[in-house]
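The next block holds one structure in the form of structure tokens; read it before the comments.
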Protein chains: 2
Amino acid sequence: MPQRLKLIIAYNGAHFAGWQSQKHGNTVQDHLERAVRRISGGSVHVHGAGRTDAGVHALAQCAHVDVESDRFPSSRWTAALNATLPAHLRVLRCRRVTSEFHARFSATGKVYRYRIWSGPILPPLEFGRAWHVQRDLNFTVMKTAAAHFVGQHDFAGFAANRGHLERDTMRTIRSVKVHRRGFLWTLEFDGDGFLYRMVRLMVGALTNCAAGKINIDALLRRLERPDNHGARLAAPAAGLYLVRVRY
Amino acid sequence: MPQRLKLIIAYNGAHFAGWQSQKHGNTVQDHLERAVRRISGGSVHVHGAGRTDAGVHALAQCAHVDVESDRFPSSRWTAALNATLPAHLRVLRCRRVTSEFHARFSATGKVYRYRIWSGPILPPLEFGRAWHVQRDLNFTVMKTAAAHFVGQHDFAGFAANRGHLERDTMRTIRSVKVHRRGFLWTLEFDGDGFLYRMVRLMVGALTNCAAGKINIDALLRRLERPDNHGARLAAPAAGLYLVRVRY
């Protein structure tokens, strides 16, 4: 009798070629599937709540996987998986769920964080963990501009095309929190769902606003008339963190 | 007319084989000397305030170097050096000093921080940046034991032999701050000087106290009768940070 496990996973995205399985095998999904297979045997498919790009970090990504129930008590899965996974990828929690649970389709929301280092020199310990922006940025402009994303909008103007564009590009953002401490600026997006590269394209646009390269009206036009978009800036992957997935 | 430059440097110790120059060239000193030589030419020797081991991080290490003054205004050195240094090593500040200044001999004190992750699973973003201790640790015991290091003591019992042992092993520790936030425990040592591996040996002993493996009396005996030491635990390099050097 197979059982479904829900995994909460954290990783340092700098060490993986993103979430989705690839031939070279160095993706988060590949590592997880190999680790599960070593314990359960048989064919294993790990479903993630979302496919993070190479370089994107996760503090609490969520995934599910079906395994044979008899082989291993569910309480021992966390330690067993971590014993074979690389240190840059950890299973934080693991529990049994019913087969109705689906990491992607059951998700009701996600929280993403984006970190910007707005100072002249990026501290070495921030390398790969924040976007180093050396242009002068206006914090008040960024905060004001960010508030415009809150609510339900057609985010097609803030989505990248991954082979196909999602048919439904309406999304609701519950809140955007913008704060800073010294040179470190943090943006936290809480929404019901995010299109491909949506957070990075929003952060790119907000940074262009804060740098005075585009004005807030241009950003609003991209939200109102999503087809009409010109050159767009995607903030780099290294500053992005999947903070949690809501169910 | 040569001029002496004082450099404030930060690095992620995981990427270097320590401070001191080695044949393979991947040490902090080697990278700095190559970077300075590209600008100033000639023979270059960078003197650090202290030689950190492989894996040890620095938030504000200090060094000095003599260069030919005409080649380059001192205000442009920081950017020029960072343009060729790897991202895991940054010069934070650079200024001209008199030839009386010596990074090591002029130092009047140093601050070191040590980070311990006292929880069941080390978060991937903490890998290489904290010591993961999975034994149960008693915070009050650690804090109480740490207070005994404050003051002037003969720290020979908390020093490793680097070819030779320093003749004078008396050192004064001004303060040890111990605090925690969730699973992250931080110890900060402020002292007039530290013997080789002294912080890591102190943290190893404190952790053994907090784990109930040795009692505080044994730790005190090592301070009072430094010759009489048995097996000693050095906390790993990855948790150690040189926070600043005092002049």
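Letters A, B, ... mark the chains of the structure tokens in the order given; residue numbers begin at 1 per chain; ligand numbers begin at 1, in order shown.
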Selection: 9 Å around region 16-30 of chain B, only C-alpha atoms, excl. self and same-chain fewer than 2 positions, as a ChimeraX atom specification: /B:11-14,32-35,45-48,50-56,88-89
Hey, could you make a per-residue contact list for chain A against chain B with 12 Å as the cut-off, showing the nearest pair of atoms and its distance in Å to one decimal, counting only C-alpha atoms, sorted by chain and number, as CSV?
residue,atom,partner,partner_atom,distance
A:Ile8,CA,B:Pro123,CA,11.9
A:Ile9,CA,B:Pro123,CA,9.6
A:Ala10,CA,B:Pro124,CA,6.5
A:Tyr11,CA,B:Pro124,CA,5.4
A:Asn12,CA,B:Leu125,CA,5.6
A:Gly13,CA,B:Leu125,CA,9.2
A:Ala14,CA,B:Leu125,CA,9.9
A:His15,CA,B:Pro124,CA,10.2
A:Val56,CA,B:Leu125,CA,11.8
A:His57,CA,B:Leu125,CA,8.6
A:Ala58,CA,B:Pro124,CA,9.2
A:Leu59,CA,B:Pro123,CA,8.1
A:Ala60,CA,B:Pro123,CA,10.1
A:Thr78,CA,B:Ile121,CA,9.5
A:Ala79,CA,B:Ile121,CA,8.9
A:Leu81,CA,B:Ile121,CA,11.8
A:Asn82,CA,B:Ile121,CA,8.7
A:Ala83,CA,B:Ile121,CA,10.9
A:Leu85,CA,B:Pro124,CA,10.9
A:Pro86,CA,B:Pro124,CA,9.1
A:Ala87,CA,B:Pro124,CA,6.1
A:His88,CA,B:Pro124,CA,4.5
A:Leu89,CA,B:Pro124,CA,5.8
A:Arg90,CA,B:Pro124,CA,6.4
A:Val91,CA,B:Ile121,CA,8.4
A:Leu92,CA,B:Ile121,CA,6.8
A:Arg93,CA,B:Ile121,CA,9.6
A:Gly119,CA,B:Leu92,CA,11.1
A:Pro120,CA,B:Leu92,CA,9.2
A:Ile121,CA,B:Leu92,CA,6.8
A:Leu122,CA,B:Arg90,CA,7.8
A:Pro123,CA,B:Ala10,CA,6.8
A:Pro124,CA,B:His88,CA,4.4
A:Leu125,CA,B:Asn12,CA,5.6
A:Glu126,CA,B:His88,CA,8.8
A:Phe127,CA,B:Ala87,CA,6.8
A:Gly128,CA,B:Ala87,CA,9.5
A:Arg129,CA,B:Leu125,CA,9.1
A:His132,CA,B:Ala87,CA,11.4
A:Tyr241,CA,B:Leu125,CA,11.0
Residue neighbourhood Val65 (chain B), 12 Å, only C-alpha atoms, exclusion window fewer than 4 positions, as a PyMOL selection string: chain B and resi 2-8+29+32-33+35-37+40+43-49+69+77+94-99+101-104
Next, the residues of the selection above should be written as a compact mmCIF listing (two decimals), in the first residue's frame with N, CA and C atoms.
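Done, and the output landed in out_1.txt:
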# COMPACT_ATOMS: atom_id res chain seq x y z
N PRO B 2 57.92 55.29 -1.09
CA PRO B 2 56.87 54.29 -0.84
C PRO B 2 55.85 54.81 0.17
N GLN B 3 54.63 54.33 0.05
CA GLN B 3 53.62 54.67 1.04
C GLN B 3 53.04 53.39 1.62
N ARG B 4 52.61 53.50 2.86
CA ARG B 4 52.00 52.33 3.52
C ARG B 4 50.49 52.47 3.49
N LEU B 5 49.83 51.40 3.07
CA LEU B 5 48.37 51.38 3.03
C LEU B 5 47.84 50.45 4.11
N LYS B 6 46.79 50.89 4.77
CA LYS B 6 46.08 50.04 5.73
C LYS B 6 44.81 49.55 5.04
N LEU B 7 44.63 48.24 5.00
CA LEU B 7 43.47 47.65 4.33
C LEU B 7 42.55 47.00 5.35
N ILE B 8 41.25 47.23 5.20
CA ILE B 8 40.26 46.46 5.97
C ILE B 8 39.63 45.48 4.98
N GLN B 29 46.23 35.94 1.66
CA GLN B 29 47.44 36.73 1.44
C GLN B 29 47.89 36.66 -0.03
N LEU B 32 45.61 38.79 -2.22
CA LEU B 32 45.84 40.22 -1.99
C LEU B 32 47.15 40.66 -2.62
N GLU B 33 48.20 39.85 -2.44
CA GLU B 33 49.52 40.24 -2.98
C GLU B 33 49.49 40.31 -4.50
N ALA B 35 46.85 40.96 -6.30
CA ALA B 35 46.04 42.11 -6.69
C ALA B 35 46.83 43.42 -6.53
N VAL B 36 47.59 43.53 -5.43
CA VAL B 36 48.39 44.73 -5.22
C VAL B 36 49.48 44.83 -6.28
N ARG B 37 50.11 43.69 -6.58
CA ARG B 37 51.21 43.66 -7.55
C ARG B 37 50.74 44.08 -8.94
N SER B 40 50.70 47.98 -8.40
CA SER B 40 51.92 48.69 -8.01
C SER B 40 53.17 48.14 -8.69
N SER B 43 57.97 43.99 -5.83
CA SER B 43 57.74 42.95 -4.84
C SER B 43 56.77 43.48 -3.79
N VAL B 44 55.85 42.65 -3.41
CA VAL B 44 54.76 43.07 -2.53
C VAL B 44 54.62 42.09 -1.39
N HIS B 45 54.55 42.60 -0.17
CA HIS B 45 54.27 41.72 0.96
C HIS B 45 53.13 42.33 1.78
N VAL B 46 52.05 41.57 1.89
CA VAL B 46 50.89 42.03 2.68
C VAL B 46 50.99 41.41 4.07
N HIS B 47 50.99 42.27 5.08
CA HIS B 47 51.07 41.81 6.47
C HIS B 47 49.68 41.84 7.10
N GLY B 48 49.22 40.69 7.58
CA GLY B 48 47.90 40.64 8.21
C GLY B 48 48.00 40.81 9.71
N ALA B 49 46.90 41.22 10.33
CA ALA B 49 46.87 41.35 11.79
C ALA B 49 46.96 39.99 12.44
N SER B 69 54.23 55.17 -4.15
CA SER B 69 53.14 56.14 -3.98
C SER B 69 52.68 56.78 -5.28
N TRP B 77 42.44 52.84 -4.49
CA TRP B 77 42.91 51.47 -4.25
C TRP B 77 41.78 50.47 -3.98
N CYS B 94 40.44 51.35 2.49
CA CYS B 94 41.87 51.44 2.27
C CYS B 94 42.28 52.87 2.55
N ARG B 95 43.31 53.06 3.39
CA ARG B 95 43.79 54.43 3.58
C ARG B 95 45.28 54.44 3.86
N ARG B 96 45.87 55.60 3.61
CA ARG B 96 47.29 55.77 3.80
C ARG B 96 47.60 55.89 5.29
N VAL B 97 48.65 55.22 5.73
CA VAL B 97 49.08 55.35 7.13
C VAL B 97 50.59 55.60 7.14
N THR B 98 51.10 56.02 8.29
CA THR B 98 52.55 56.24 8.39
C THR B 98 53.24 54.88 8.51
N SER B 99 54.55 54.90 8.32
CA SER B 99 55.29 53.64 8.35
C SER B 99 55.41 53.10 9.78
N PHE B 101 52.77 52.40 11.49
CA PHE B 101 51.65 51.47 11.65
C PHE B 101 52.04 50.08 11.17
N HIS B 102 51.76 49.07 12.00
CA HIS B 102 51.98 47.67 11.61
C HIS B 102 50.71 46.88 11.95
N ALA B 103 50.16 46.21 10.94
CA ALA B 103 48.86 45.54 11.13
C ALA B 103 48.89 44.60 12.32
N ARG B 104 50.01 43.89 12.51
CA ARG B 104 50.06 42.92 13.59
C ARG B 104 50.55 43.55 14.90
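The closest residue to Gly239 (chain A), picked from A:Val199, A:Ala145, A:Ala160, A:Leu223 and counting only C-alpha atoms, is A:Val199.
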Can you tell me, as a PyMOL selection string, what residues are no more than 10 Å from Asn161 (chain A) when counting only C-alpha atoms, ignoring any on the same chain fewer than 5 positions away? chain A and resi 156+166+195-197
Restrict the selected residues to C-alpha atoms and save them as a JSON list (two decimals), in the first residue's frame.
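Heads up, here's the output in out00.json:
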[["chain", "number", "residue", "atom", "x", "y", "z"],
["A", 156, "ALA", "CA", 1.37, 38.88, -17.86],
["A", 166, "GLU", "CA", 0.15, 30.33, -18.53],
["A", 195, "LEU", "CA", 3.95, 33.31, -12.69],
["A", 196, "TYR", "CA", 7.32, 32.20, -14.04],
["A", 197, "ARG", "CA", 10.01, 34.73, -13.02]]
Would you pick out the contacts of Ala218 (chain B) at 10 Å or less, using only C-alpha atoms, so that residues sharing its chain but fewer than 5 positions from it are not included, and give the list as a compact mmCIF listing (two decimals) with C-alpha atoms, in the first residue's frame?
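Below you can see selection_39.txt, which holds the result:
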# COMPACT_ATOMS: atom_id res chain seq x y z
CA ALA B 205 35.79 23.25 25.95
CA CYS B 209 30.84 21.74 29.42
CA LEU B 223 43.29 27.73 32.97
CA GLU B 224 45.20 27.43 36.25
CA HIS B 229 45.92 19.17 29.56
Can you list, as JSON, numbers by chain, every residue of region 120-223 of chain A that DSSP puts in alpha helix (DSSP H)? {"A": [139, 140, 141, 142, 143, 144, 145, 146, 147, 198, 199, 200, 201, 202, 203, 204, 205, 206, 207, 208, 209, 210, 216, 217, 218, 219, 220, 221, 222, 223]}
What does the distance from CA of Ile173 (chain B) to CA of Arg225 (chain B) come to in Å, to one decimal?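 Straight-line distance from CA of Ile173 (chain B) to CA of Arg225 (chain B) works out to 17.7 Å.
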Best match for closeness to Arg181 (chain A) among A:Phe139, A:Tyr247, A:Phe105, A:Tyr112, counting only C-alpha atoms: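 Among the listed residues, the smallest separation from Arg181 (chain A) belongs to A:Phe139.
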For the atom pair CA of Leu137 (chain A) and CA of Gly193 (chain A), what is the interatomic distance in Å to one decimal place?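 Computed distance, CA of Leu137 (chain A) to CA of Gly193 (chain A), equals 27.9 Å.
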To one decimal place, how far is CA of Pro236 (chain A) from CA of Arg200 (chain A) in Å?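 Distance reported for this atom pair: 6.9 Å.
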Run DSSP on the backbone and tell me which residues of region 121-222 of chain B come out as strand (DSSP E or B); list them as a CSV table (one decimal) with all heavy atoms, in the first residue's frame.
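Wrote out13.csv, looks like this:
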chain,number,residue,atom,x,y,z
B,131,TRP,N,28.9,25.9,13.4
B,131,TRP,CA,29.2,24.5,13.9
B,131,TRP,C,27.9,23.9,14.2
B,131,TRP,O,27.2,24.4,15.1
B,131,TRP,CB,30.2,24.6,15.1
B,131,TRP,CG,30.6,23.2,15.6
B,131,TRP,CD1,30.5,22.0,15.0
B,131,TRP,CD2,31.1,23.0,16.9
B,131,TRP,NE1,31.0,21.0,15.8
B,131,TRP,CE2,31.4,21.6,17.0
B,131,TRP,CE3,31.4,23.8,18.0
B,131,TRP,CZ2,31.9,21.0,18.1
B,131,TRP,CZ3,31.9,23.2,19.2
B,131,TRP,CH2,32.2,21.8,19.2
B,132,HIS,N,27.6,22.8,13.6
B,132,HIS,CA,26.4,22.1,13.9
B,132,HIS,C,26.6,21.1,15.0
B,132,HIS,O,27.3,20.1,14.9
B,132,HIS,CB,25.9,21.3,12.6
B,132,HIS,CG,24.6,20.7,12.8
B,132,HIS,ND1,24.2,19.6,12.1
B,132,HIS,CD2,23.6,21.0,13.6
B,132,HIS,CE1,22.9,19.3,12.4
B,132,HIS,NE2,22.6,20.1,13.4
B,151,GLY,N,39.2,38.1,32.0
B,151,GLY,CA,40.4,38.5,32.8
B,151,GLY,C,41.7,38.0,32.2
B,151,GLY,O,41.8,37.6,31.1
B,152,GLN,N,42.7,38.2,33.0
B,152,GLN,CA,44.1,37.8,32.6
B,152,GLN,C,44.4,36.4,33.0
B,152,GLN,O,44.2,36.0,34.2
B,152,GLN,CB,45.1,38.7,33.1
B,152,GLN,CG,46.5,38.6,32.5
B,152,GLN,CD,47.5,39.5,33.0
B,152,GLN,OE1,47.6,39.7,34.2
B,152,GLN,NE2,48.3,40.1,32.1
B,153,HIS,N,44.7,35.5,32.1
B,153,HIS,CA,45.0,34.1,32.4
B,153,HIS,C,46.2,33.7,31.5
B,153,HIS,O,46.5,34.2,30.5
B,153,HIS,CB,43.8,33.2,32.1
B,153,HIS,CG,42.6,33.6,32.8
B,153,HIS,ND1,42.3,33.2,34.1
B,153,HIS,CD2,41.5,34.3,32.4
B,153,HIS,CE1,41.1,33.7,34.5
B,153,HIS,NE2,40.6,34.3,33.4
B,154,ASP,N,46.8,32.6,32.0
B,154,ASP,CA,47.8,31.9,31.1
B,154,ASP,C,46.9,30.9,30.2
B,154,ASP,O,46.4,29.9,30.7
B,154,ASP,CB,48.8,31.1,32.0
B,154,ASP,CG,49.8,30.4,31.1
B,154,ASP,OD1,49.6,30.3,29.9
B,154,ASP,OD2,50.8,30.0,31.6
B,162,ARG,N,51.9,25.7,16.9
B,162,ARG,CA,52.1,25.9,15.4
B,162,ARG,C,53.6,25.9,15.2
B,162,ARG,O,54.2,27.0,15.0
B,162,ARG,CB,51.5,27.3,15.0
B,162,ARG,CG,51.6,27.5,13.5
B,162,ARG,CD,50.6,28.6,13.0
B,162,ARG,NE,50.7,29.8,13.8
B,162,ARG,CZ,49.9,30.9,13.6
B,162,ARG,NH1,49.0,30.8,12.7
B,162,ARG,NH2,50.0,31.9,14.4
B,164,HIS,N,56.0,26.2,16.9
B,164,HIS,CA,56.5,26.7,18.2
B,164,HIS,C,55.3,27.2,19.0
B,164,HIS,O,54.3,27.6,18.4
B,164,HIS,CB,57.5,27.8,18.0
B,164,HIS,CG,56.8,29.0,17.3
B,164,HIS,ND1,56.4,29.0,16.0
B,164,HIS,CD2,56.5,30.2,17.9
B,164,HIS,CE1,55.8,30.1,15.8
B,164,HIS,NE2,55.8,30.9,16.8
B,170,MET,N,50.3,34.5,28.4
B,170,MET,CA,49.3,35.3,29.1
B,170,MET,C,48.5,36.2,28.2
B,170,MET,O,49.1,36.9,27.3
B,170,MET,CB,50.1,36.2,30.1
B,170,MET,CG,50.8,35.5,31.2
B,170,MET,SD,49.8,34.5,32.4
B,170,MET,CE,49.0,35.8,33.3
B,171,ARG,N,47.2,36.1,28.3
B,171,ARG,CA,46.4,37.0,27.5
B,171,ARG,C,45.2,37.5,28.4
B,171,ARG,O,44.9,36.9,29.4
B,171,ARG,CB,45.7,36.2,26.3
B,171,ARG,CG,46.8,35.8,25.3
B,171,ARG,CD,47.3,37.0,24.5
B,171,ARG,NE,48.2,36.5,23.4
B,171,ARG,CZ,49.5,36.3,23.5
B,171,ARG,NH1,50.1,36.3,24.7
B,171,ARG,NH2,50.2,35.9,22.5
B,172,THR,N,44.7,38.6,28.0
B,172,THR,CA,43.5,39.2,28.8
B,172,THR,C,42.3,39.2,27.9
B,172,THR,O,42.3,39.7,26.8
B,172,THR,CB,43.9,40.6,29.2
B,172,THR,OG1,45.0,40.6,30.0
B,172,THR,CG2,42.7,41.2,30.0
B,173,ILE,N,41.3,38.6,28.4
B,173,ILE,CA,40.0,38.6,27.7
B,173,ILE,C,39.1,39.7,28.4
B,173,ILE,O,38.9,39.6,29.6
B,173,ILE,CB,39.3,37.2,27.7
B,173,ILE,CG1,40.2,36.3,26.8
B,173,ILE,CG2,37.9,37.3,27.2
B,173,ILE,CD1,39.5,35.1,26.3
B,174,ARG,N,38.7,40.6,27.6
B,174,ARG,CA,37.9,41.7,28.2
B,174,ARG,C,36.4,41.3,28.5
B,174,ARG,O,35.8,41.7,29.5
B,174,ARG,CB,37.8,42.9,27.3
B,174,ARG,CG,39.2,43.5,27.0
B,174,ARG,CD,39.1,44.7,26.0
B,174,ARG,NE,40.3,44.9,25.3
B,174,ARG,CZ,40.6,46.0,24.6
B,174,ARG,NH1,39.7,46.9,24.4
B,174,ARG,NH2,41.7,46.1,24.0
B,175,SER,N,35.9,40.5,27.5
B,175,SER,CA,34.5,40.1,27.7
B,175,SER,C,34.2,38.9,26.8
B,175,SER,O,34.9,38.7,25.8
B,175,SER,CB,33.5,41.2,27.3
B,175,SER,OG,33.6,41.5,25.9
B,176,VAL,N,33.3,38.1,27.3
B,176,VAL,CA,32.7,37.0,26.4
B,176,VAL,C,31.2,37.2,26.5
B,176,VAL,O,30.6,37.1,27.6
B,176,VAL,CB,33.1,35.6,27.0
B,176,VAL,CG1,32.6,34.5,26.0
B,176,VAL,CG2,34.6,35.5,27.2
B,177,LYS,N,30.6,37.4,25.3
B,177,LYS,CA,29.2,37.5,25.3
B,177,LYS,C,28.6,36.3,24.7
B,177,LYS,O,29.0,35.8,23.6
B,177,LYS,CB,28.8,38.7,24.4
B,177,LYS,CG,29.1,40.1,25.0
B,177,LYS,CD,28.7,41.2,24.1
B,177,LYS,CE,29.4,42.5,24.5
B,177,LYS,NZ,29.6,43.4,23.3
B,178,VAL,N,27.6,35.7,25.4
B,178,VAL,CA,27.0,34.5,24.9
B,178,VAL,C,25.5,34.7,24.7
B,178,VAL,O,24.9,35.2,25.7
B,178,VAL,CB,27.2,33.3,25.9
B,178,VAL,CG1,26.7,32.0,25.3
B,178,VAL,CG2,28.7,33.2,26.2
B,179,HIS,N,25.0,34.6,23.6
B,179,HIS,CA,23.6,34.7,23.4
B,179,HIS,C,23.0,33.8,22.4
B,179,HIS,O,23.8,33.1,21.7
B,179,HIS,CB,23.1,36.2,23.1
B,179,HIS,CG,23.8,36.8,21.9
B,179,HIS,ND1,23.2,36.7,20.7
B,179,HIS,CD2,24.9,37.5,21.8
B,179,HIS,CE1,24.0,37.3,19.8
B,179,HIS,NE2,25.0,37.8,20.4
B,180,ARG,N,21.7,33.6,22.3
B,180,ARG,CA,21.1,32.7,21.4
B,180,ARG,C,19.8,33.3,20.9
B,180,ARG,O,19.2,34.1,21.5
B,180,ARG,CB,20.8,31.4,22.0
B,180,ARG,CG,19.8,31.4,23.2
B,180,ARG,CD,19.5,30.1,23.7
B,180,ARG,NE,18.8,30.2,25.0
B,180,ARG,CZ,18.4,29.1,25.7
B,180,ARG,NH1,18.6,27.9,25.3
B,180,ARG,NH2,17.8,29.3,26.9
B,181,ARG,N,19.5,32.9,19.7
B,181,ARG,CA,18.3,33.3,19.0
B,181,ARG,C,17.8,32.0,18.3
B,181,ARG,O,18.4,31.7,17.3
B,181,ARG,CB,18.5,34.4,18.1
B,181,ARG,CG,17.3,35.1,17.5
B,181,ARG,CD,17.6,36.3,16.7
B,181,ARG,NE,16.5,36.7,15.9
B,181,ARG,CZ,16.4,37.7,15.1
B,181,ARG,NH1,17.5,38.4,14.9
B,181,ARG,NH2,15.3,37.9,14.4
B,184,LEU,N,20.4,29.2,17.0
B,184,LEU,CA,21.7,29.8,16.7
B,184,LEU,C,22.3,30.4,18.0
B,184,LEU,O,21.7,31.4,18.5
B,184,LEU,CB,21.5,30.9,15.6
B,184,LEU,CG,22.9,31.6,15.2
B,184,LEU,CD1,23.8,30.6,14.5
B,184,LEU,CD2,22.6,32.7,14.3
B,185,TRP,N,23.4,29.9,18.4
B,185,TRP,CA,24.1,30.4,19.6
B,185,TRP,C,25.3,31.1,19.1
B,185,TRP,O,26.0,30.7,18.2
B,185,TRP,CB,24.5,29.2,20.5
B,185,TRP,CG,23.4,28.4,21.1
B,185,TRP,CD1,22.1,28.4,20.6
B,185,TRP,CD2,23.5,27.6,22.2
B,185,TRP,NE1,21.4,27.5,21.4
B,185,TRP,CE2,22.2,27.0,22.4
B,185,TRP,CE3,24.5,27.3,23.1
B,185,TRP,CZ2,21.9,26.2,23.5
B,185,TRP,CZ3,24.2,26.4,24.2
B,185,TRP,CH2,22.9,25.8,24.3
B,186,THR,N,25.6,32.3,19.7
B,186,THR,CA,26.7,33.1,19.3
B,186,THR,C,27.6,33.4,20.5
B,186,THR,O,27.0,33.8,21.6
B,186,THR,CB,26.2,34.4,18.7
B,186,THR,OG1,25.3,34.1,17.6
B,186,THR,CG2,27.4,35.2,18.1
B,187,LEU,N,28.9,33.2,20.4
B,187,LEU,CA,29.8,33.6,21.4
B,187,LEU,C,30.7,34.7,20.9
B,187,LEU,O,31.3,34.5,19.8
B,187,LEU,CB,30.7,32.4,21.9
B,187,LEU,CG,29.9,31.2,22.5
B,187,LEU,CD1,29.6,30.2,21.5
B,187,LEU,CD2,30.7,30.6,23.7
B,188,GLU,N,30.9,35.8,21.6
B,188,GLU,CA,31.8,36.8,21.1
B,188,GLU,C,32.9,37.1,22.1
B,188,GLU,O,32.6,37.4,23.3
B,188,GLU,CB,31.0,38.1,20.8
B,188,GLU,CG,31.7,39.0,19.8
B,188,GLU,CD,30.8,40.0,19.1
B,188,GLU,OE1,30.0,39.6,18.2
B,188,GLU,OE2,30.9,41.2,19.5
B,189,PHE,N,34.1,36.9,21.7
B,189,PHE,CA,35.3,37.1,22.5
B,189,PHE,C,36.0,38.4,22.2
B,189,PHE,O,36.4,38.6,21.0
B,189,PHE,CB,36.3,35.9,22.3
B,189,PHE,CG,35.7,34.6,22.7
B,189,PHE,CD1,34.9,33.9,21.7
B,189,PHE,CD2,35.9,34.0,23.9
B,189,PHE,CE1,34.4,32.6,22.0
B,189,PHE,CE2,35.3,32.7,24.2
B,189,PHE,CZ,34.6,32.1,23.3
B,190,ASP,N,36.2,39.2,23.2
B,190,ASP,CA,36.9,40.5,23.0
B,190,ASP,C,38.2,40.4,23.9
B,190,ASP,O,38.0,40.3,25.1
B,190,ASP,CB,36.0,41.6,23.4
B,190,ASP,CG,36.6,43.0,23.1
B,190,ASP,OD1,37.8,43.1,23.1
B,190,ASP,OD2,35.8,43.9,23.0
B,191,GLY,N,39.3,40.5,23.2
B,191,GLY,CA,40.6,40.3,24.0
B,191,GLY,C,41.7,41.1,23.5
B,191,GLY,O,41.7,41.6,22.3
Using only C-alpha atoms, find the one residue out of A:Gly109, A:Gly204, A:Gly182, A:Pro226 that sits nearest to Thr169 (chain A).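 The closest residue to Thr169 (chain A) is A:Pro226.
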